$ cat my_file.cif   # mmCIF, C-alpha atoms
data_final
loop_
_atom_site.group_PDB
_atom_site.id
_atom_site.type_symbol
_atom_site.label_atom_id
_atom_site.label_comp_id
_atom_site.auth_asym_id
_atom_site.auth_seq_id
_atom_site.Cartn_x
_atom_site.Cartn_y
_atom_site.Cartn_z
ATOM 1 C CA MET A 1 -20.664 -46.254 -73.492
ATOM 2 C CA THR A 2 -19.767 -46.698 -69.830
ATOM 3 C CA ILE A 3 -19.583 -49.990 -67.966
ATOM 4 C CA ARG A 4 -22.836 -49.112 -66.226
ATOM 5 C CA ASP A 5 -24.615 -48.604 -69.577
ATOM 6 C CA ALA A 6 -23.293 -51.957 -70.795
ATOM 7 C CA LEU A 7 -24.555 -53.600 -67.595
ATOM 8 C CA VAL A 8 -27.998 -52.005 -68.033
ATOM 9 C CA TYR A 9 -28.211 -53.145 -71.693
ATOM 10 C CA ALA A 10 -27.103 -56.662 -70.763
ATOM 11 C CA LEU A 11 -29.584 -57.019 -67.877
ATOM 12 C CA LEU A 12 -32.441 -55.561 -69.907
ATOM 13 C CA GLY A 13 -31.601 -57.681 -72.965
ATOM 14 C CA VAL A 14 -31.330 -60.926 -71.017
ATOM 15 C CA GLY A 15 -34.517 -60.094 -69.072
ATOM 16 C CA ILE A 16 -36.505 -59.434 -72.242
ATOM 17 C CA GLY A 17 -34.968 -62.545 -73.858
ATOM 18 C CA ILE A 18 -36.161 -64.709 -70.961
ATOM 19 C CA GLU A 19 -39.667 -63.222 -71.269
ATOM 20 C CA LEU A 20 -39.684 -64.053 -74.990
ATOM 21 C CA ILE A 21 -38.527 -67.629 -74.324
ATOM 22 C CA SER A 22 -41.345 -67.981 -71.759
ATOM 23 C CA CYS A 23 -43.809 -66.662 -74.294
ATOM 24 C CA LEU A 24 -42.519 -68.988 -77.020
ATOM 25 C CA GLY A 25 -42.708 -71.956 -74.639
ATOM 26 C CA VAL A 26 -46.310 -71.193 -73.710
ATOM 27 C CA LEU A 27 -47.131 -70.871 -77.417
ATOM 28 C CA VAL A 28 -45.511 -74.037 -78.797
ATOM 29 C CA MET A 29 -45.793 -76.562 -75.972
ATOM 30 C CA ARG A 30 -48.619 -79.082 -75.913
ATOM 31 C CA GLY A 31 -50.855 -79.465 -72.878
ATOM 32 C CA ILE A 32 -51.370 -77.284 -69.848
ATOM 33 C CA TYR A 33 -48.618 -78.827 -67.684
ATOM 34 C CA ASP A 34 -45.917 -78.366 -70.342
ATOM 35 C CA ARG A 35 -47.063 -74.795 -70.951
ATOM 36 C CA LEU A 36 -47.119 -74.092 -67.205
ATOM 37 C CA HIS A 37 -43.403 -74.941 -66.939
ATOM 38 C CA TYR A 38 -42.584 -71.959 -69.149
ATOM 39 C CA VAL A 39 -44.369 -69.392 -66.957
ATOM 40 C CA GLY A 40 -41.787 -69.871 -64.177
ATOM 41 C CA PRO A 41 -38.795 -68.278 -65.965
ATOM 42 C CA SER A 42 -40.786 -65.076 -66.549
ATOM 43 C CA THR A 43 -40.201 -64.310 -62.848
ATOM 44 C CA LEU A 44 -36.434 -64.415 -63.428
ATOM 45 C CA GLY A 45 -36.886 -62.004 -66.354
ATOM 46 C CA ALA A 46 -38.798 -59.627 -64.059
ATOM 47 C CA LEU A 47 -35.942 -59.746 -61.541
ATOM 48 C CA LEU A 48 -33.379 -58.928 -64.241
ATOM 49 C CA ILE A 49 -35.471 -56.027 -65.575
ATOM 50 C CA ALA A 50 -35.863 -54.649 -62.024
ATOM 51 C CA THR A 51 -32.081 -54.957 -61.574
ATOM 52 C CA ALA A 52 -31.552 -53.095 -64.873
ATOM 53 C CA ILE A 53 -33.734 -50.234 -63.590
ATOM 54 C CA TRP A 54 -31.724 -50.172 -60.349
ATOM 55 C CA ALA A 55 -28.457 -50.117 -62.309
ATOM 56 C CA ARG A 56 -29.671 -47.188 -64.430
ATOM 57 C CA GLU A 57 -31.510 -45.096 -61.843
ATOM 58 C CA GLY A 58 -29.961 -46.025 -58.502
ATOM 59 C CA PRO A 59 -32.252 -45.689 -55.504
ATOM 60 C CA SER A 60 -35.384 -43.915 -56.752
ATOM 61 C CA THR A 61 -39.158 -44.293 -56.680
ATOM 62 C CA ILE A 62 -39.351 -46.081 -60.024
ATOM 63 C CA SER A 63 -36.596 -48.541 -59.104
ATOM 64 C CA LEU A 64 -38.424 -49.222 -55.834
ATOM 65 C CA LYS A 65 -41.651 -49.900 -57.747
ATOM 66 C CA GLY A 66 -39.810 -52.187 -60.157
ATOM 67 C CA THR A 67 -38.307 -54.095 -57.239
ATOM 68 C CA LEU A 68 -41.697 -54.348 -55.513
ATOM 69 C CA LEU A 69 -43.207 -55.700 -58.731
ATOM 70 C CA ALA A 70 -40.441 -58.291 -59.140
ATOM 71 C CA ALA A 71 -40.737 -59.303 -55.458
ATOM 72 C CA PHE A 72 -44.505 -59.690 -55.805
ATOM 73 C CA LEU A 73 -44.085 -61.822 -58.929
ATOM 74 C CA VAL A 74 -41.475 -64.009 -57.178
ATOM 75 C CA VAL A 75 -43.966 -64.706 -54.376
ATOM 76 C CA ALA A 76 -47.196 -64.866 -56.411
ATOM 77 C CA SER A 77 -46.081 -66.718 -59.561
ATOM 78 C CA PRO A 78 -45.346 -70.134 -57.943
ATOM 79 C CA ALA A 79 -48.605 -69.903 -55.982
ATOM 80 C CA VAL A 80 -50.621 -69.190 -59.133
ATOM 81 C CA ALA A 81 -48.813 -71.977 -61.015
ATOM 82 C CA HIS A 82 -49.689 -74.416 -58.214
ATOM 83 C CA VAL A 83 -53.335 -73.293 -58.145
ATOM 84 C CA THR A 84 -53.594 -73.565 -61.944
ATOM 85 C CA ALA A 85 -52.110 -77.073 -62.021
ATOM 86 C CA ARG A 86 -54.358 -78.163 -59.168
ATOM 87 C CA ALA A 87 -57.442 -76.728 -60.899
ATOM 88 C CA ALA A 88 -56.474 -78.508 -64.130
ATOM 89 C CA ARG A 89 -56.102 -81.839 -62.278
ATOM 90 C CA LEU A 90 -59.484 -81.366 -60.612
ATOM 91 C CA HIS A 91 -61.010 -80.450 -63.970
ATOM 92 C CA GLU A 92 -59.575 -83.538 -65.695
ATOM 93 C CA HIS A 93 -59.816 -86.223 -63.000
ATOM 94 C CA GLY A 94 -62.099 -84.826 -60.296
ATOM 95 C CA ASP A 95 -59.240 -85.238 -57.801
ATOM 96 C CA TRP A 96 -55.766 -83.667 -57.692
ATOM 97 C CA ARG A 97 -54.063 -86.847 -56.426
ATOM 98 C CA PRO A 98 -52.494 -89.410 -58.815
ATOM 99 C CA GLN A 99 -55.052 -91.908 -60.141
ATOM 100 C CA ARG A 100 -54.453 -95.641 -60.641
ATOM 101 C CA SER A 101 -55.654 -95.296 -64.232
ATOM 102 C CA GLU A 102 -52.677 -93.020 -64.976
ATOM 103 C CA GLY A 103 -50.191 -95.850 -64.393
ATOM 104 C CA ILE A 104 -48.433 -94.015 -61.560
ATOM 105 C CA GLU A 105 -47.399 -96.091 -58.541
ATOM 106 C CA VAL A 106 -49.336 -94.777 -55.553
ATOM 107 C CA GLU A 107 -48.255 -95.664 -52.013
ATOM 108 C CA GLU A 108 -51.150 -96.435 -49.738
ATOM 109 C CA GLY A 109 -51.154 -94.051 -46.747
ATOM 110 C CA MET B 1 -37.080 -43.726 -78.937
ATOM 111 C CA ASN B 2 -34.536 -45.326 -76.604
ATOM 112 C CA GLU B 3 -33.810 -48.947 -75.645
ATOM 113 C CA TRP B 4 -36.480 -48.899 -72.936
ATOM 114 C CA HIS B 5 -39.149 -48.009 -75.494
ATOM 115 C CA VAL B 6 -37.959 -50.902 -77.661
ATOM 116 C CA ALA B 7 -38.115 -53.231 -74.642
ATOM 117 C CA ALA B 8 -41.677 -52.068 -73.913
ATOM 118 C CA VAL B 9 -42.715 -52.656 -77.552
ATOM 119 C CA VAL B 10 -41.203 -56.167 -77.463
ATOM 120 C CA LEU B 11 -43.020 -56.975 -74.201
ATOM 121 C CA ILE B 12 -46.331 -55.665 -75.559
ATOM 122 C CA SER B 13 -45.819 -57.676 -78.788
ATOM 123 C CA ALA B 14 -45.280 -60.776 -76.642
ATOM 124 C CA LEU B 15 -48.890 -60.409 -75.466
ATOM 125 C CA VAL B 16 -50.100 -61.510 -78.935
ATOM 126 C CA PRO B 17 -49.049 -65.204 -78.555
ATOM 127 C CA CYS B 18 -50.630 -65.236 -75.074
ATOM 128 C CA GLY B 19 -53.870 -63.944 -76.587
ATOM 129 C CA TRP B 20 -53.655 -66.589 -79.319
ATOM 130 C CA VAL B 21 -53.320 -69.353 -76.689
ATOM 131 C CA CYS B 22 -56.317 -67.896 -74.800
ATOM 132 C CA LEU B 23 -58.458 -67.767 -77.944
ATOM 133 C CA ARG B 24 -57.508 -71.012 -79.691
ATOM 134 C CA ARG B 25 -56.758 -73.467 -76.884
ATOM 135 C CA SER B 26 -58.783 -74.940 -74.019
ATOM 136 C CA PHE B 27 -59.890 -72.994 -70.944
ATOM 137 C CA ALA B 28 -57.132 -74.578 -68.827
ATOM 138 C CA GLU B 29 -54.394 -73.738 -71.350
ATOM 139 C CA GLY B 30 -55.823 -70.247 -71.802
ATOM 140 C CA LEU B 31 -55.431 -69.754 -68.062
ATOM 141 C CA VAL B 32 -51.673 -70.208 -68.476
ATOM 142 C CA GLY B 33 -51.760 -67.588 -71.258
ATOM 143 C CA VAL B 34 -53.614 -65.159 -68.967
ATOM 144 C CA GLN B 35 -51.059 -65.756 -66.218
ATOM 145 C CA LEU B 36 -48.105 -64.955 -68.486
ATOM 146 C CA ALA B 37 -49.946 -62.021 -70.080
ATOM 147 C CA GLY B 38 -50.426 -60.446 -66.627
ATOM 148 C CA THR B 39 -46.692 -60.675 -65.933
ATOM 149 C CA LEU B 40 -45.767 -59.303 -69.376
ATOM 150 C CA ALA B 41 -48.219 -56.393 -69.181
ATOM 151 C CA SER B 42 -46.992 -55.425 -65.698
ATOM 152 C CA LEU B 43 -43.387 -55.508 -66.864
ATOM 153 C CA ALA B 44 -44.262 -53.501 -69.992
ATOM 154 C CA LEU B 45 -45.805 -50.802 -67.784
ATOM 155 C CA VAL B 46 -42.799 -50.614 -65.467
ATOM 156 C CA VAL B 47 -40.429 -50.467 -68.463
ATOM 157 C CA LEU B 48 -42.601 -47.686 -69.978
ATOM 158 C CA ALA B 49 -42.439 -45.847 -66.643
ATOM 159 C CA GLU B 50 -38.643 -46.005 -66.856
ATOM 160 C CA ALA B 51 -38.639 -44.996 -70.536
ATOM 161 C CA GLU B 52 -40.916 -41.982 -70.039
ATOM 162 C CA HIS B 53 -39.781 -41.150 -66.481
ATOM 163 C CA ARG B 54 -43.414 -41.167 -65.401
ATOM 164 C CA GLN B 55 -44.023 -42.539 -61.925
ATOM 165 C CA PRO B 56 -47.783 -43.291 -62.319
ATOM 166 C CA PHE B 57 -47.031 -46.052 -64.852
ATOM 167 C CA GLY B 58 -45.135 -47.830 -62.061
ATOM 168 C CA ASP B 59 -48.216 -47.649 -59.830
ATOM 169 C CA LEU B 60 -50.318 -49.053 -62.665
ATOM 170 C CA ALA B 61 -47.862 -51.942 -63.040
ATOM 171 C CA LEU B 62 -48.154 -52.830 -59.350
ATOM 172 C CA VAL B 63 -51.962 -52.603 -59.360
ATOM 173 C CA LEU B 64 -52.153 -54.696 -62.543
ATOM 174 C CA ALA B 65 -49.889 -57.387 -61.062
ATOM 175 C CA VAL B 66 -52.096 -57.694 -57.960
ATOM 176 C CA LEU B 67 -55.357 -57.681 -59.955
ATOM 177 C CA SER B 68 -53.948 -60.181 -62.461
ATOM 178 C CA PHE B 69 -53.003 -62.475 -59.554
ATOM 179 C CA ALA B 70 -56.519 -62.236 -58.085
ATOM 180 C CA GLY B 71 -58.134 -62.687 -61.512
ATOM 181 C CA THR B 72 -56.104 -65.805 -62.295
ATOM 182 C CA LEU B 73 -57.055 -67.319 -58.923
ATOM 183 C CA LEU B 74 -60.701 -66.631 -59.727
ATOM 184 C CA PHE B 75 -60.454 -68.218 -63.196
ATOM 185 C CA ALA B 76 -58.714 -71.237 -61.622
ATOM 186 C CA ARG B 77 -61.685 -71.562 -59.262
ATOM 187 C CA PHE B 78 -64.057 -71.503 -62.256
ATOM 188 C CA LEU B 79 -61.922 -74.183 -63.932
ATOM 189 C CA GLU B 80 -62.136 -76.393 -60.838
ATOM 190 C CA GLU B 81 -65.922 -76.141 -60.797
ATOM 191 C CA ASP B 82 -66.279 -76.658 -64.570
ATOM 192 C CA ARG B 83 -66.209 -80.456 -64.622
#
$ encode --input "my_file.cif" --output "structure tokens"
Amino acid sequence: MTIRDALVYALLGVGIGIELISCLGVLVMRGIYDRLHYVGPSTLGALLIATAIWAREGPSTISLKGTLLAAFLVVASPAVAHVTARAARLHEHGDWRPQRSEGIEVEEG
Amino acid sequence: MNEWHVAAVVLISALVPCGWVCLRRSFAEGLVGVQLAGTLASLALVVLAEAEHRQPFGDLALVLAVLSFAGTLLFARFLEEDR
């Protein structure tokens, strides 16, 4: 096994491990906001998997597609998480801003 | 069967808990499951593309990621209006 193979195995293993932790978090946490926290790390896993493909293949079409996918997920994932949290707030309270009934100190604008 | 096939199988297996969250929990929590499932399925396709050395799987992964993004935004819109 060469150093490059070891690097590929390590990147792929850690990437898949992070995806599994994300999945486990979404499964066992309670409530949408707790679950939503565990979607974020899946982007890091995608980056590591894309890096593993680069380390194995070098510059090639498939490594470019993997990188494009990871880049898209890095940009899109936080946006989707924000939209989901906002939609959940609107669904629960009718307004996304903190409510007095929640016991959160709100500064008057 | 090499390590990339194993990685793809693990990623596809990880879709099961996401499906469970979608089926058994509320609409809002299911939306989180859909979001993660889109990421996992896209990654599984790109890992399969690497395992099989088939370029079209990579294209499928990219298309799925974009459609999953649009689909989740649409479901979030439905969630907003469902109150």
$ closest_atom_pairs --input "my_file.cif" --of "chain A" --to "chain B" --cutoff "9 Å" --atoms "all atoms listed in the file" --output "JSON lines"
{"residue": "A:Tyr9", "atom": "CA", "partner": "B:Glu3", "partner_atom": "CA", "distance": 8.0}
{"residue": "A:Leu12", "atom": "CA", "partner": "B:Ala7", "partner_atom": "CA", "distance": 7.7}
{"residue": "A:Gly13", "atom": "CA", "partner": "B:Ala7", "partner_atom": "CA", "distance": 8.1}
{"residue": "A:Ile16", "atom": "CA", "partner": "B:Ala7", "partner_atom": "CA", "distance": 6.8}
{"residue": "A:Glu19", "atom": "CA", "partner": "B:Leu40", "partner_atom": "CA", "distance": 7.5}
{"residue": "A:Leu20", "atom": "CA", "partner": "B:Ala14", "partner_atom": "CA", "distance": 6.7}
{"residue": "A:Ser22", "atom": "CA", "partner": "B:Leu36", "partner_atom": "CA", "distance": 8.1}
{"residue": "A:Cys23", "atom": "CA", "partner": "B:Ala14", "partner_atom": "CA", "distance": 6.5}
{"residue": "A:Leu24", "atom": "CA", "partner": "B:Pro17", "partner_atom": "CA", "distance": 7.7}
{"residue": "A:Val26", "atom": "CA", "partner": "B:Gly33", "partner_atom": "CA", "distance": 7.0}
{"residue": "A:Leu27", "atom": "CA", "partner": "B:Pro17", "partner_atom": "CA", "distance": 6.1}
{"residue": "A:Gly31", "atom": "CA", "partner": "B:Glu29", "partner_atom": "CA", "distance": 6.9}
{"residue": "A:Ile32", "atom": "CA", "partner": "B:Glu29", "partner_atom": "CA", "distance": 4.9}
{"residue": "A:Tyr33", "atom": "CA", "partner": "B:Glu29", "partner_atom": "CA", "distance": 8.5}
{"residue": "A:Arg35", "atom": "CA", "partner": "B:Val32", "partner_atom": "CA", "distance": 7.0}
{"residue": "A:Leu36", "atom": "CA", "partner": "B:Val32", "partner_atom": "CA", "distance": 6.1}
{"residue": "A:Tyr38", "atom": "CA", "partner": "B:Leu36", "partner_atom": "CA", "distance": 8.9}
{"residue": "A:Val39", "atom": "CA", "partner": "B:Leu36", "partner_atom": "CA", "distance": 6.0}
{"residue": "A:Ser42", "atom": "CA", "partner": "B:Thr39", "partner_atom": "CA", "distance": 7.4}
{"residue": "A:Thr43", "atom": "CA", "partner": "B:Thr39", "partner_atom": "CA", "distance": 8.1}
{"residue": "A:Ala46", "atom": "CA", "partner": "B:Leu43", "partner_atom": "CA", "distance": 6.8}
{"residue": "A:Ile49", "atom": "CA", "partner": "B:Val47", "partner_atom": "CA", "distance": 8.0}
{"residue": "A:Ala50", "atom": "CA", "partner": "B:Val46", "partner_atom": "CA", "distance": 8.7}
{"residue": "A:Ile53", "atom": "CA", "partner": "B:Glu50", "partner_atom": "CA", "distance": 7.3}
{"residue": "A:Glu57", "atom": "CA", "partner": "B:Glu50", "partner_atom": "CA", "distance": 8.8}
{"residue": "A:Thr61", "atom": "CA", "partner": "B:Gln55", "partner_atom": "CA", "distance": 7.4}
{"residue": "A:Ile62", "atom": "CA", "partner": "B:Gln55", "partner_atom": "CA", "distance": 6.2}
{"residue": "A:Ser63", "atom": "CA", "partner": "B:Glu50", "partner_atom": "CA", "distance": 8.4}
{"residue": "A:Lys65", "atom": "CA", "partner": "B:Gly58", "partner_atom": "CA", "distance": 5.9}
{"residue": "A:Gly66", "atom": "CA", "partner": "B:Val46", "partner_atom": "CA", "distance": 6.3}
{"residue": "A:Leu68", "atom": "CA", "partner": "B:Leu62", "partner_atom": "CA", "distance": 7.7}
{"residue": "A:Leu69", "atom": "CA", "partner": "B:Leu62", "partner_atom": "CA", "distance": 5.8}
{"residue": "A:Ala70", "atom": "CA", "partner": "B:Leu43", "partner_atom": "CA", "distance": 8.7}
{"residue": "A:Phe72", "atom": "CA", "partner": "B:Ala65", "partner_atom": "CA", "distance": 7.9}
{"residue": "A:Leu73", "atom": "CA", "partner": "B:Thr39", "partner_atom": "CA", "distance": 7.6}
{"residue": "A:Ala76", "atom": "CA", "partner": "B:Phe69", "partner_atom": "CA", "distance": 7.0}
{"residue": "A:Ser77", "atom": "CA", "partner": "B:Phe69", "partner_atom": "CA", "distance": 8.1}
{"residue": "A:Val80", "atom": "CA", "partner": "B:Leu73", "partner_atom": "CA", "distance": 6.7}
{"residue": "A:Ala81", "atom": "CA", "partner": "B:Val32", "partner_atom": "CA", "distance": 8.2}
{"residue": "A:Val83", "atom": "CA", "partner": "B:Ala76", "partner_atom": "CA", "distance": 6.7}
{"residue": "A:Thr84", "atom": "CA", "partner": "B:Ala76", "partner_atom": "CA", "distance": 5.6}
{"residue": "A:Ala85", "atom": "CA", "partner": "B:Ala28", "partner_atom": "CA", "distance": 8.8}
{"residue": "A:Arg86", "atom": "CA", "partner": "B:Glu80", "partner_atom": "CA", "distance": 8.1}
{"residue": "A:Ala87", "atom": "CA", "partner": "B:Glu80", "partner_atom": "CA", "distance": 4.7}
{"residue": "A:Ala88", "atom": "CA", "partner": "B:Ala28", "partner_atom": "CA", "distance": 6.2}
{"residue": "A:Arg89", "atom": "CA", "partner": "B:Glu80", "partner_atom": "CA", "distance": 8.3}
{"residue": "A:Leu90", "atom": "CA", "partner": "B:Glu80", "partner_atom": "CA", "distance": 5.6}
{"residue": "A:His91", "atom": "CA", "partner": "B:Arg83", "partner_atom": "CA", "distance": 5.2}
{"residue": "A:Glu92", "atom": "CA", "partner": "B:Arg83", "partner_atom": "CA", "distance": 7.4}
{"residue": "A:His93", "atom": "CA", "partner": "B:Arg83", "partner_atom": "CA", "distance": 8.8}
{"residue": "A:Gly94", "atom": "CA", "partner": "B:Arg83", "partner_atom": "CA", "distance": 7.4}
$ axis_aligned_box --input "my_file.cif" --around "stretch 80-84 of chain A" --padding-each-side "5 Å" --output "AutoDock Vina command-line options"
--center_x -51.2 --center_y -71.8 --center_z -60.0 --size_x 14.8 --size_y 15.2 --size_z 13.8
$ closest_residue --input "my_file.cif" --among "A:Arg30, A:Arg4, A:His37, A:Arg56" --to "A:His82" --atoms "all atoms listed in the file"
A:His37
$ atom_distance --input "my_file.cif" --atom1 "atom CA of B:Leu48" --atom2 "atom CA of B:Leu23"
26.8 Å
$ closest_residue --input "my_file.cif" --among "A:Gly103, A:Gly17, A:Pro98, A:Pro78" --to "A:Gly45" --atoms "all atoms listed in the file"
A:Gly17
$ atom_distance --input "my_file.cif" --atom1 "atom CA of B:Gly71" --atom2 "atom CA of A:Pro41"
20.6 Å
$ build_atoms --input "my_file.cif" --residues "stretch 65-79 of chain B" --atoms "N, CA and C atoms" --output "short mmCIF file (atom, residue, chain, number, x, y, z; two decimals), keeping the file's coordinate frame"
data_model
loop_
_atom_site.label_atom_id
_atom_site.label_comp_id
_atom_site.auth_asym_id
_atom_site.auth_seq_id
_atom_site.Cartn_x
_atom_site.Cartn_y
_atom_site.Cartn_z
N ALA B 65 -50.44 -56.10 -61.52
CA ALA B 65 -49.89 -57.39 -61.06
C ALA B 65 -50.79 -58.00 -59.99
N VAL B 66 -51.24 -57.18 -59.05
CA VAL B 66 -52.10 -57.69 -57.96
C VAL B 66 -53.45 -58.14 -58.51
N LEU B 67 -54.04 -57.32 -59.39
CA LEU B 67 -55.36 -57.68 -59.96
C LEU B 67 -55.25 -58.91 -60.85
N SER B 68 -54.15 -59.02 -61.59
CA SER B 68 -53.95 -60.18 -62.46
C SER B 68 -53.83 -61.46 -61.62
N PHE B 69 -53.13 -61.35 -60.49
CA PHE B 69 -53.00 -62.48 -59.55
C PHE B 69 -54.39 -62.91 -59.06
N ALA B 70 -55.18 -61.92 -58.60
CA ALA B 70 -56.52 -62.24 -58.08
C ALA B 70 -57.41 -62.80 -59.19
N GLY B 71 -57.32 -62.23 -60.38
CA GLY B 71 -58.13 -62.69 -61.51
C GLY B 71 -57.80 -64.11 -61.91
N THR B 72 -56.50 -64.44 -61.92
CA THR B 72 -56.10 -65.81 -62.30
C THR B 72 -56.60 -66.81 -61.26
N LEU B 73 -56.54 -66.43 -59.97
CA LEU B 73 -57.06 -67.32 -58.92
C LEU B 73 -58.55 -67.57 -59.12
N LEU B 74 -59.26 -66.51 -59.51
CA LEU B 74 -60.70 -66.63 -59.73
C LEU B 74 -61.00 -67.55 -60.91
N PHE B 75 -60.27 -67.36 -62.01
CA PHE B 75 -60.45 -68.22 -63.20
C PHE B 75 -60.11 -69.67 -62.87
N ALA B 76 -59.08 -69.87 -62.03
CA ALA B 76 -58.71 -71.24 -61.62
C ALA B 76 -59.86 -71.88 -60.84
N ARG B 77 -60.53 -71.07 -60.03
CA ARG B 77 -61.68 -71.56 -59.26
C ARG B 77 -62.81 -71.98 -60.23
N PHE B 78 -63.04 -71.16 -61.25
CA PHE B 78 -64.06 -71.50 -62.26
C PHE B 78 -63.69 -72.80 -62.96
N LEU B 79 -62.38 -72.97 -63.25
CA LEU B 79 -61.92 -74.18 -63.93
C LEU B 79 -62.16 -75.41 -63.06
#
